[in-house]
$ cat entry_7.cif   # mmCIF, C-alpha atoms, pLDDT in the B column; chains and numbers go by the auth columns
data_query
#
loop_
_atom_site.group_PDB
_atom_site.id
_atom_site.type_symbol
_atom_site.label_atom_id
_atom_site.label_comp_id
_atom_site.label_asym_id
_atom_site.label_seq_id
_atom_site.Cartn_x
_atom_site.Cartn_y
_atom_site.Cartn_z
_atom_site.B_iso_or_equiv
_atom_site.auth_seq_id
_atom_site.auth_asym_id
ATOM 1 C CA MET A 1 -33.499 -37.422 36.684 41.00 11 A
ATOM 2 C CA ARG A 2 -34.794 -35.897 33.450 41.00 12 A
ATOM 3 C CA PHE A 3 -35.056 -32.492 35.152 39.00 13 A
ATOM 4 C CA VAL A 4 -31.374 -32.618 36.236 37.00 14 A
ATOM 5 C CA ALA A 5 -30.277 -33.501 32.690 40.00 15 A
ATOM 6 C CA LEU A 6 -32.337 -30.653 31.205 36.00 16 A
ATOM 7 C CA ALA A 7 -31.034 -28.196 33.808 41.00 17 A
ATOM 8 C CA ALA A 8 -27.433 -29.169 33.014 41.00 18 A
ATOM 9 C CA LEU A 9 -27.956 -28.797 29.253 37.00 19 A
ATOM 10 C CA PRO A 10 -27.560 -24.974 29.142 39.00 20 A
ATOM 11 C CA LEU A 11 -24.353 -25.218 31.165 37.00 21 A
ATOM 12 C CA ALA A 12 -22.944 -27.847 28.817 40.00 22 A
ATOM 13 C CA LEU A 13 -23.882 -25.747 25.782 36.00 23 A
ATOM 14 C CA ALA A 14 -22.284 -22.667 27.330 40.00 24 A
ATOM 15 C CA ALA A 15 -19.070 -24.610 27.917 41.00 25 A
ATOM 16 C CA CYS A 16 -19.071 -25.835 24.322 40.00 26 A
ATOM 17 C CA GLN A 17 -19.802 -22.332 23.056 39.00 27 A
ATOM 18 C CA GLN A 18 -16.861 -20.991 25.035 39.00 28 A
ATOM 19 C CA ASP A 19 -14.516 -23.591 23.512 39.00 29 A
ATOM 20 C CA THR A 20 -15.656 -23.049 19.920 37.00 30 A
ATOM 21 C CA ASP A 21 -15.665 -19.271 20.275 38.00 31 A
ATOM 22 C CA SER A 22 -12.226 -18.953 21.873 36.00 32 A
ATOM 23 C CA THR A 23 -11.124 -16.253 19.407 34.00 33 A
ATOM 24 C CA THR A 24 -13.349 -13.657 21.114 32.00 34 A
ATOM 25 C CA GLU A 25 -11.414 -11.988 23.894 32.00 35 A
ATOM 26 C CA THR A 26 -11.289 -8.768 25.831 32.00 36 A
ATOM 27 C CA SER A 27 -8.199 -6.663 25.449 31.00 37 A
ATOM 28 C CA ALA A 28 -6.014 -6.216 28.494 33.00 38 A
ATOM 29 C CA SER A 29 -5.284 -2.697 27.296 33.00 39 A
ATOM 30 C CA ALA A 30 -7.579 0.123 28.229 38.00 40 A
ATOM 31 C CA ASN A 31 -9.037 2.901 26.129 37.00 41 A
ATOM 32 C CA ALA A 32 -8.692 6.579 26.998 41.00 42 A
ATOM 33 C CA ALA A 33 -11.371 6.268 29.682 42.00 43 A
ATOM 34 C CA GLY A 34 -9.513 3.374 31.329 41.00 44 A
ATOM 35 C CA THR A 35 -12.150 0.820 30.328 37.00 45 A
ATOM 36 C CA PRO A 36 -11.003 -2.493 28.807 40.00 46 A
ATOM 37 C CA THR A 37 -11.576 -2.505 25.055 35.00 47 A
ATOM 38 C CA PRO A 38 -13.341 -5.612 23.668 38.00 48 A
ATOM 39 C CA LEU A 39 -11.821 -7.188 20.586 36.00 49 A
ATOM 40 C CA ALA A 40 -13.831 -8.941 17.888 34.00 50 A
ATOM 41 C CA SER A 41 -10.997 -11.397 17.334 31.00 51 A
ATOM 42 C CA ALA A 42 -7.628 -12.254 18.833 34.00 52 A
ATOM 43 C CA THR A 43 -6.184 -12.131 15.305 32.00 53 A
ATOM 44 C CA PRO A 44 -5.488 -8.562 14.174 35.00 54 A
ATOM 45 C CA ALA A 45 -7.399 -7.376 11.123 35.00 55 A
ATOM 46 C CA PRO A 46 -5.235 -7.150 7.991 37.00 56 A
ATOM 47 C CA ALA A 47 -6.591 -3.717 7.083 37.00 57 A
ATOM 48 C CA ALA A 48 -5.621 -0.619 9.000 37.00 58 A
ATOM 49 C CA THR A 49 -7.053 2.814 8.607 35.00 59 A
ATOM 50 C CA ALA A 50 -4.968 5.850 7.913 38.00 60 A
ATOM 51 C CA THR A 51 -5.288 6.855 11.570 37.00 61 A
ATOM 52 C CA ALA A 52 -4.345 3.505 13.152 42.00 62 A
ATOM 53 C CA THR A 53 -0.600 3.978 13.260 44.00 63 A
ATOM 54 C CA ASP A 54 2.248 2.805 15.419 49.00 64 A
ATOM 55 C CA GLY A 55 3.223 6.389 16.254 49.00 65 A
ATOM 56 C CA THR A 56 5.546 6.836 13.262 47.00 66 A
ATOM 57 C CA GLY A 57 2.842 7.368 10.627 46.00 67 A
ATOM 58 C CA VAL A 58 3.107 3.744 9.517 42.00 68 A
ATOM 59 C CA PRO A 59 -0.159 1.779 9.761 46.00 69 A
ATOM 60 C CA GLU A 60 0.268 -1.306 11.900 56.00 70 A
ATOM 61 C CA PHE A 61 -0.935 -3.614 9.145 68.00 71 A
ATOM 62 C CA GLY A 62 -0.865 -1.607 5.951 93.00 72 A
ATOM 63 C CA ILE A 63 0.658 0.808 3.524 97.00 73 A
ATOM 64 C CA PRO A 64 2.191 3.943 5.134 97.00 74 A
ATOM 65 C CA VAL A 65 -0.089 6.986 5.228 96.00 75 A
ATOM 66 C CA ALA A 66 2.424 9.099 3.260 96.00 76 A
ATOM 67 C CA LEU A 67 1.975 6.759 0.264 97.00 77 A
ATOM 68 C CA GLN A 68 -1.827 6.677 0.320 97.00 78 A
ATOM 69 C CA GLY A 69 -3.930 8.690 -2.096 96.00 79 A
ATOM 70 C CA ASN A 70 -4.056 9.222 -5.848 96.00 80 A
ATOM 71 C CA TRP A 71 -0.896 9.411 -7.929 97.00 81 A
ATOM 72 C CA GLY A 72 -0.628 10.129 -11.654 95.00 82 A
ATOM 73 C CA MET A 73 2.091 9.388 -14.196 94.00 83 A
ATOM 74 C CA VAL A 74 1.009 12.511 -16.118 93.00 84 A
ATOM 75 C CA PRO A 75 -1.126 15.459 -14.910 91.00 85 A
ATOM 76 C CA ALA A 76 -4.156 14.324 -16.966 90.00 86 A
ATOM 77 C CA ASP A 77 -4.301 11.084 -14.936 92.00 87 A
ATOM 78 C CA CYS A 78 -5.400 13.148 -11.934 92.00 88 A
ATOM 79 C CA THR A 79 -8.052 15.232 -13.692 88.00 89 A
ATOM 80 C CA SER A 80 -9.667 12.986 -16.308 80.00 90 A
ATOM 81 C CA THR A 81 -13.430 12.616 -16.016 79.00 91 A
ATOM 82 C CA ARG A 82 -13.723 10.273 -19.027 77.00 92 A
ATOM 83 C CA GLY A 83 -12.363 7.172 -17.250 71.00 93 A
ATOM 84 C CA ASP A 84 -9.223 7.102 -19.404 72.00 94 A
ATOM 85 C CA ALA A 85 -6.668 7.827 -16.667 78.00 95 A
ATOM 86 C CA LYS A 86 -4.515 4.814 -17.514 88.00 96 A
ATOM 87 C CA GLY A 87 -1.577 6.068 -15.442 90.00 97 A
ATOM 88 C CA LEU A 88 -3.584 6.696 -12.265 93.00 98 A
ATOM 89 C CA LEU A 89 -2.540 4.723 -9.177 96.00 99 A
ATOM 90 C CA ARG A 90 -4.872 4.778 -6.151 96.00 100 A
ATOM 91 C CA ILE A 91 -3.259 3.624 -2.927 98.00 101 A
ATOM 92 C CA SER A 92 -5.375 2.689 0.100 97.00 102 A
ATOM 93 C CA PRO A 93 -4.170 1.159 3.389 97.00 103 A
ATOM 94 C CA THR A 94 -4.203 -2.334 1.818 96.00 104 A
ATOM 95 C CA THR A 95 -4.559 -2.024 -1.968 97.00 105 A
ATOM 96 C CA LEU A 96 -2.975 -0.651 -5.118 97.00 106 A
ATOM 97 C CA THR A 97 -5.605 0.113 -7.750 96.00 107 A
ATOM 98 C CA PHE A 98 -4.518 0.598 -11.360 94.00 108 A
ATOM 99 C CA TYR A 99 -6.575 1.221 -14.522 90.00 109 A
ATOM 100 C CA GLU A 100 -7.326 -2.486 -15.115 91.00 110 A
ATOM 101 C CA SER A 101 -6.002 -4.300 -12.053 94.00 111 A
ATOM 102 C CA ILE A 102 -5.936 -4.285 -8.281 97.00 112 A
ATOM 103 C CA GLY A 103 -3.174 -5.487 -5.954 97.00 113 A
ATOM 104 C CA LYS A 104 -3.965 -6.623 -2.424 97.00 114 A
ATOM 105 C CA LEU A 105 -1.310 -6.256 0.250 97.00 115 A
ATOM 106 C CA GLY A 106 0.321 -9.490 1.389 95.00 116 A
ATOM 107 C CA THR A 107 3.499 -9.966 3.406 94.00 117 A
ATOM 108 C CA ILE A 108 5.306 -6.750 4.293 96.00 118 A
ATOM 109 C CA LYS A 109 9.067 -7.155 3.867 95.00 119 A
ATOM 110 C CA SER A 110 10.052 -3.682 5.080 96.00 120 A
ATOM 111 C CA SER A 111 8.313 -0.436 5.899 96.00 121 A
ATOM 112 C CA SER A 112 9.021 3.094 7.069 96.00 122 A
ATOM 113 C CA ASP A 113 6.946 6.258 7.216 95.00 123 A
ATOM 114 C CA THR A 114 7.621 6.980 3.501 97.00 124 A
ATOM 115 C CA ALA A 115 8.297 3.557 1.953 97.00 125 A
ATOM 116 C CA ILE A 116 7.162 -0.040 1.843 98.00 126 A
ATOM 117 C CA ARG A 117 8.322 -3.225 0.188 97.00 127 A
ATOM 118 C CA ALA A 118 5.763 -6.017 0.193 97.00 128 A
ATOM 119 C CA ASN A 119 4.211 -8.855 -1.752 95.00 129 A
ATOM 120 C CA PHE A 120 0.951 -7.997 -3.520 96.00 130 A
ATOM 121 C CA ALA A 121 -1.596 -10.399 -5.022 96.00 131 A
ATOM 122 C CA PHE A 122 -2.878 -8.825 -8.239 95.00 132 A
ATOM 123 C CA SER A 123 -5.950 -9.568 -10.298 96.00 133 A
ATOM 124 C CA GLY A 124 -7.342 -8.029 -13.438 94.00 134 A
ATOM 125 C CA GLU A 125 -8.624 -8.852 -16.906 92.00 135 A
ATOM 126 C CA GLY A 126 -9.322 -12.440 -15.838 94.00 136 A
ATOM 127 C CA MET A 127 -5.771 -13.105 -14.635 94.00 137 A
ATOM 128 C CA SER A 128 -4.027 -13.343 -11.251 95.00 138 A
ATOM 129 C CA TRP A 129 -0.359 -12.844 -10.366 93.00 139 A
ATOM 130 C CA THR A 130 1.906 -11.811 -7.492 93.00 140 A
ATOM 131 C CA ARG A 131 4.624 -9.183 -7.379 93.00 141 A
ATOM 132 C CA ASP A 132 7.198 -7.919 -4.929 96.00 142 A
ATOM 133 C CA VAL A 133 6.461 -4.163 -5.009 96.00 143 A
ATOM 134 C CA GLU A 134 8.513 -1.353 -3.543 97.00 144 A
ATOM 135 C CA LEU A 135 6.939 2.082 -3.120 98.00 145 A
ATOM 136 C CA SER A 136 8.757 5.154 -1.838 98.00 146 A
ATOM 137 C CA ALA A 137 7.718 8.790 -1.595 97.00 147 A
ATOM 138 C CA SER A 138 9.779 11.933 -1.502 96.00 148 A
ATOM 139 C CA GLY A 139 7.598 15.023 -1.262 95.00 149 A
ATOM 140 C CA ASP A 140 5.016 14.859 -4.058 96.00 150 A
ATOM 141 C CA THR A 141 6.913 12.155 -5.990 97.00 151 A
ATOM 142 C CA LEU A 142 6.256 8.411 -5.697 97.00 152 A
ATOM 143 C CA THR A 143 8.541 5.759 -7.144 97.00 153 A
ATOM 144 C CA ARG A 144 7.251 2.222 -7.790 96.00 154 A
ATOM 145 C CA THR A 145 9.509 -0.723 -8.582 95.00 155 A
ATOM 146 C CA GLU A 146 8.308 -4.297 -9.112 93.00 156 A
ATOM 147 C CA ARG A 147 10.201 -7.570 -8.935 90.00 157 A
ATOM 148 C CA GLY A 148 9.184 -11.094 -9.876 81.00 158 A
ATOM 149 C CA GLY A 149 7.437 -10.533 -13.176 74.00 159 A
ATOM 150 C CA GLU A 150 8.185 -10.976 -16.838 75.00 160 A
ATOM 151 C CA GLU A 151 7.301 -7.374 -17.678 73.00 161 A
ATOM 152 C CA PRO A 152 9.627 -4.431 -16.988 69.00 162 A
ATOM 153 C CA GLY A 153 9.482 -3.566 -13.307 83.00 163 A
ATOM 154 C CA GLY A 154 10.312 0.133 -13.361 84.00 164 A
ATOM 155 C CA PRO A 155 11.173 2.297 -11.712 94.00 165 A
ATOM 156 C CA PHE A 156 7.927 4.141 -12.475 94.00 166 A
ATOM 157 C CA THR A 157 7.509 7.734 -11.289 97.00 167 A
ATOM 158 C CA TYR A 158 4.216 9.326 -10.191 97.00 168 A
ATOM 159 C CA THR A 159 3.183 12.764 -8.941 96.00 169 A
ATOM 160 C CA LYS A 160 0.680 13.209 -6.088 97.00 170 A
ATOM 161 C CA CYS A 161 -2.741 14.297 -7.327 95.00 171 A
ATOM 162 C CA ALA A 162 -4.295 17.382 -5.737 90.00 172 A
ATOM 163 C CA ALA A 163 -6.910 16.485 -3.144 77.00 173 A
#

$ encode --input "entry_7.cif" --output "structure tokens"
Amino acid sequence: MRFVALAALPLALAACQQDTDSTTETSASANAAGTPTPLASATPAPAATATATDGTGVPEFGIPVALQGNWGMVPADCTSTRGDAKGLLRISPTTLTFYESIGKLGTIKSSSDTAIRANFAFSGEGMSWTRDVELSASGDTLTRTERGGEEPGGPFTYTKCAA
């Protein structure tokens, strides 16, 4: 009887493991070779790379590619090597990085290939706050407008830094 109980133990553990690890799945879609692509989680990752787009240049879960990169309020913001580029804005797929603060992408309200309006959770200098931020690009010009704060919300104008 003990042998039967011990033999059944791995099966019971496997069943429990399957229940507690139900977020691991295999995608029904296939990659270029036609092989199913395994997913680490059924929940999509919040960060998208600049190449993971929905076909329009807009990342599936992030800031549009056209907005990403370094933007300066004045030319010196793009070229300073002394760390004093106070008007520099670095935009990644999920963050806005300023001189003394960083904003992490939250809920996207609207997005196109050259604009986004979303909530961002900011932190810096020992403080935290949220803002409704709108970013739009036209050529080498970026406009940023913020809503929901006590400070003036723009519009602020930036020029794309050379690569």

$ resolve_selection --input "entry_7.cif" --expression "the PyMOL selection byres ((chain A and resi 121) around 10)" --output "list of chain:residue names"
A:Val68, A:Pro69, A:Gly72, A:Ile73, A:Pro74, A:Ile118, A:Lys119, A:Ser120, A:Ser122, A:Asp123, A:Thr124, A:Ala125, A:Ile126, A:Arg127, A:Ala128, A:Glu144, A:Leu145, A:Ser146

$ atom_distance --input "entry_7.cif" --atom1 "atom CA of A:Val75" --atom2 "atom CA of A:Lys170"
12.9 Å

$ atom_distance --input "entry_7.cif" --atom1 "atom CA of A:Glu161" --atom2 "atom CA of A:Gly149"
27.8 Å

$ residues_near_point --input "entry_7.cif" --point "(-3.4, -0.1, 1.7)" --cutoff "8 Å" --atoms "all atoms listed in the file" --output "short mmCIF file (atom, residue, chain, number, x, y, z; two decimals) with C-alpha atoms, keeping the file's coordinate frame"
data_model
loop_
_atom_site.label_atom_id
_atom_site.label_comp_id
_atom_site.auth_asym_id
_atom_site.auth_seq_id
_atom_site.Cartn_x
_atom_site.Cartn_y
_atom_site.Cartn_z
CA ALA A 57 -6.59 -3.72 7.08
CA ALA A 58 -5.62 -0.62 9.00
CA GLY A 72 -0.86 -1.61 5.95
CA ILE A 73 0.66 0.81 3.52
CA PRO A 74 2.19 3.94 5.13
CA GLN A 78 -1.83 6.68 0.32
CA ILE A 101 -3.26 3.62 -2.93
CA SER A 102 -5.38 2.69 0.10
CA PRO A 103 -4.17 1.16 3.39
CA THR A 104 -4.20 -2.33 1.82
CA THR A 105 -4.56 -2.02 -1.97
CA LEU A 106 -2.98 -0.65 -5.12
CA LYS A 114 -3.96 -6.62 -2.42
CA LEU A 115 -1.31 -6.26 0.25
#

$ axis_aligned_box --input "entry_7.cif" --around "stretch 165-171 of chain A" --padding-each-side "5 Å" --output "AutoDock Vina command-line options"
--center_x 4.2 --center_y 8.3 --center_z -9.3 --size_x 23.9 --size_y 22.0 --size_z 16.4

$ residues_around --input "entry_7.cif" --residues "A:Arg154" --least-positions-apart "3" --cutoff "9 Å" --atoms "only C-alpha atoms" --output "NGL selection string"
:A and (143-146 or 163-168)

$ atom_distance --input "entry_7.cif" --atom1 "atom CA of A:Thr91" --atom2 "atom CA of A:Ser111"
18.9 Å

$ residues_around --input "entry_7.cif" --residues "stretch 81-90 of chain A" --least-positions-apart "4" --cutoff "10 Å" --atoms "all atoms listed in the file" --output "list in words"
Leu77, Asp94, Ala95, Lys96, Gly97, Leu98, Leu99, Arg100, Ile101, Asp150, Thr151, Leu152, Phe166, Thr167, Tyr168, Thr169, Lys170, Cys171, Ala172 and Ala173 of chain A

$ resolve_selection --input "entry_7.cif" --expression "the PyMOL selection byres ((chain A and resi 130) around 6)" --output "PyMOL selection string"
chain A and resi 113-116+129+131+140-141

$ closest_residue --input "entry_7.cif" --among "A:Phe132, A:Gly159, A:Ala76, A:Trp139" --to "A:Ile112" --atoms "all atoms listed in the file"
A:Phe132
